[in-house]
Amino acid sequence: MNLKELRVGFAFCGSFCTMSRALDALEQTAARFGTVTPIVSETVAATDTRFGAAHDFMREMERLCGRRVIRTIAGAEPIGPKGLLDALVICPCTGNTLAKLAHGVTDTCVTMAAKAHLRNGRPLILAVSTNDGLGASAPNLGSLLGRKQVYFVPFGQDDWAGKPASLVADFAQVPDTVEAALRGEQLQPLLLRR
């Protein structure tokens with residue numbers, strides 16, 4: 001497998017406190033794989049937070065990838081019919097997006113990208129970041145862990161004392177997880193101790 005020939009989508013959801021680490025993961029992914037296409041949820045595209053301005057995040061994504069950000073459902077839909085990606089990463093993947101993926105809800109650019117991509121039987125890689133991963137989001141996480149073509153970036157509790165239900169992936173392992181998923185393997189160990 002020639003990594004420089006592979007096409008990877010990299011989608012961002014609204015876990016804004018992890019956005020700078022997700023940008024680092026995007027940069028590592030863009031350095032390893034041939035073509036990386038940035039994708040953002042409508043919330044990411046439109047929301048300025050204390051962690052940064054939406055426009056600045058998207059401009060940085062475009063700089064790192066050399067491609068325009070996909071930011072609408074209509075822009076994401078061709079991913080499936082045209083077979084545009086070999087793998088799709090959602091990093092960060094919020095509890096909200098986990099729920100939508102687990103229940104087949106396609107009402108954002110990111111969930112449309114995932115649905116369109118999965119129809120081709122190609123790997124979807126999730127880098128979870130949610131404060132309720134061991135709470136309300138646990139059933140959705142469990143459902144997706146057993147789903148064909150869905151792989152997870154290794155994750156663990158990020159603050160077991162202060163936020164005992166919170167989970168976050170080790171974003172530095174995104175490129176390795178993509179590589180493993182392209183071979184049909186889940187990167188191990190999946191559960192991290194912090």
# chains A, B, ... in the order shown; residues from 1 in each chain; ligands from 1
$ closest_atom_pairs --of "segment 81-165 of chain A" --to "segment 7-13 of chain A" --cutoff "8 Å" --atoms "only C-alpha atoms" --output "tab-separated table"
residue	atom	partner	partner_atom	distance
A:Leu84	CA	A:Arg7	CA	7.2
A:Leu85	CA	A:Arg7	CA	5.0
A:Asp86	CA	A:Arg7	CA	5.2
A:Ala87	CA	A:Val8	CA	4.9
A:Leu88	CA	A:Gly9	CA	4.5
A:Val89	CA	A:Phe10	CA	4.8
A:Ile90	CA	A:Ala11	CA	4.6
A:Cys91	CA	A:Phe12	CA	5.3
A:Pro92	CA	A:Cys13	CA	5.6
A:Cys93	CA	A:Cys13	CA	5.8
A:Thr94	CA	A:Cys13	CA	6.3
A:Thr97	CA	A:Cys13	CA	7.6
A:Val110	CA	A:Ala11	CA	6.3
$ residues_around --residues "Ala45 of chain A" --least-positions-apart "4" --cutoff "9 Å" --atoms "only C-alpha atoms" --output "PyMOL selection string"
chain A and resi 40-41+54-55+57-58+71
$ residues_around --residues "Lys82 of chain A" --least-positions-apart "4" --cutoff "12 Å" --atoms "only C-alpha atoms" --output "list in words"
Gly75, Ala76, Glu77, Pro78, Asp86, Ala113, Ala116, His117, Arg119 and Asn120 of chain A
$ closest_residue --among "A:Cys17, A:Val178, A:Val105, A:Ala172" --to "Leu124 of chain A" --atoms "only C-alpha atoms"
A:Val178
$ select_by_dssp --residues "segment 8-190 of chain A" --states "strand (DSSP E)" --output "number ranges by chain"
A: 8-12, 35-40, 87-93, 124-130, 150-152, 155-157, 167-169
$ residues_around --residues "Asp176 of chain A" --least-positions-apart "3" --cutoff "12 Å" --atoms "only C-alpha atoms" --output "NGL selection string"
:A and (3 or 25 or 28-29 or 32-33 or 89 or 125 or 151-154 or 170-173 or 179-183 or 185-188)
$ select_by_dssp --residues "chain A" --states "alpha helix (DSSP H)" --output "ChimeraX atom specification"
/A:19-32,42-46,54-65,73-76,95-102,109-118,138-145,174-182
$ closest_residue --among "A:Thr18, A:Ile79, A:Asn96, A:Gly66" --to "Asp158 of chain A" --atoms "only C-alpha atoms"
A:Thr18
$ residues_around --residues "Glu42 of chain A" --least-positions-apart "6" --cutoff "7 Å" --atoms "only C-alpha atoms" --output "list in words"
Arg71, Thr72, Thr108 and Cys109 of chain A
$ closest_residue --among "A:Cys65, A:Leu26, A:Val168, A:Ile39" --to "Asn131 of chain A" --atoms "only C-alpha atoms"
A:Val168
$ closest_residue --among "A:Leu190, A:Ser166, A:Leu118, A:Ala161" --to "Pro81 of chain A" --atoms "only C-alpha atoms"
A:Leu118
$ residues_around --residues "Leu98 of chain A" --least-positions-apart "2" --cutoff "12 Å" --atoms "only C-alpha atoms" --output "mmCIF file with C-alpha atoms, in the first residue's frame"
data_model
loop_
_atom_site.group_PDB
_atom_site.id
_atom_site.type_symbol
_atom_site.label_atom_id
_atom_site.label_comp_id
_atom_site.auth_asym_id
_atom_site.auth_seq_id
_atom_site.Cartn_x
_atom_site.Cartn_y
_atom_site.Cartn_z
ATOM 1 C CA CYS A 13 -16.960 18.261 14.938
ATOM 2 C CA ILE A 90 -13.796 12.203 12.327
ATOM 3 C CA CYS A 91 -11.543 14.023 14.813
ATOM 4 C CA PRO A 92 -12.847 15.197 17.192
ATOM 5 C CA CYS A 93 -15.956 13.009 17.169
ATOM 6 C CA THR A 94 -18.418 14.384 19.710
ATOM 7 C CA GLY A 95 -21.054 12.478 21.664
ATOM 8 C CA ASN A 96 -23.661 14.130 19.463
ATOM 9 C CA LYS A 100 -26.156 10.315 14.995
ATOM 10 C CA LEU A 101 -23.821 7.713 13.496
ATOM 11 C CA ALA A 102 -25.176 4.975 15.777
ATOM 12 C CA HIS A 103 -28.762 5.773 14.779
ATOM 13 C CA GLY A 104 -28.309 6.581 11.097
ATOM 14 C CA VAL A 105 -29.077 10.297 11.401
ATOM 15 C CA THR A 106 -27.674 12.293 8.484
ATOM 16 C CA VAL A 110 -19.952 15.332 8.750
ATOM 17 C CA THR A 111 -22.678 12.699 9.134
ATOM 18 C CA ALA A 114 -19.696 9.369 6.900
ATOM 19 C CA ILE A 125 -12.070 6.218 11.867
ATOM 20 C CA LEU A 126 -13.494 7.918 14.966
ATOM 21 C CA ALA A 127 -11.424 9.944 17.446
ATOM 22 C CA VAL A 128 -13.911 10.313 20.272
ATOM 23 C CA SER A 129 -14.027 13.420 22.446
ATOM 24 C CA THR A 130 -17.054 13.620 24.720
ATOM 25 C CA ASP A 132 -20.390 11.719 28.568
ATOM 26 C CA GLY A 133 -18.586 8.807 26.882
ATOM 27 C CA ALA A 136 -25.320 8.897 28.033
ATOM 28 C CA SER A 137 -23.027 8.303 25.035
ATOM 29 C CA ALA A 138 -21.885 4.857 26.223
ATOM 30 C CA PRO A 139 -24.614 2.889 24.380
ATOM 31 C CA ASN A 140 -23.796 4.700 21.124
ATOM 32 C CA LEU A 141 -20.090 4.063 21.606
ATOM 33 C CA GLY A 142 -20.812 0.389 22.242
ATOM 34 C CA SER A 143 -22.985 0.147 19.148
ATOM 35 C CA LEU A 144 -20.305 1.655 16.936
ATOM 36 C CA LEU A 145 -17.533 -0.505 18.420
ATOM 37 C CA VAL A 150 -15.802 1.560 11.921
ATOM 38 C CA PHE A 152 -11.526 3.947 16.818
#
$ residues_around --residues "Arg193 of chain A" --least-positions-apart "5" --cutoff "9 Å" --atoms "only C-alpha atoms" --output "PyMOL selection string"
chain A and resi 155-157
$ write_last_selection --atoms "N, CA, C and O atoms" --output "CSV table (one decimal), in the first residue's frame"
chain,number,residue,atom,x,y,z
A,155,PHE,N,-8.5,5.4,23.0
A,155,PHE,CA,-9.1,6.5,23.8
A,155,PHE,C,-9.0,6.1,25.3
A,155,PHE,O,-8.9,4.9,25.6
A,156,GLY,N,-9.2,7.1,26.2
A,156,GLY,CA,-9.3,6.8,27.6
A,156,GLY,C,-9.9,8.0,28.3
A,156,GLY,O,-10.3,8.9,27.7
A,157,GLN,N,-10.1,7.8,29.6
A,157,GLN,CA,-10.6,8.9,30.4
A,157,GLN,C,-9.6,10.0,30.5
A,157,GLN,O,-8.4,9.8,30.8
$ atom_distance --atom1 "atom CA of Asp159 of chain A" --atom2 "atom CA of Thr177 of chain A"
23.0 Å
$ closest_residue --among "A:Ala31, A:Leu192, A:Val69, A:Ala165" --to "Val44 of chain A" --atoms "only C-alpha atoms"
A:Val69
$ atom_distance --atom1 "atom CA of Pro38 of chain A" --atom2 "atom CA of Met61 of chain A"
6.3 Å
$ closest_residue --among "A:Arg122, A:Leu134, A:Leu167, A:Leu23" --to "Glu60 of chain A" --atoms "only C-alpha atoms"
A:Leu23
$ atom_distance --atom1 "atom CA of Asp107 of chain A" --atom2 "atom CA of Arg50 of chain A"
25.9 Å
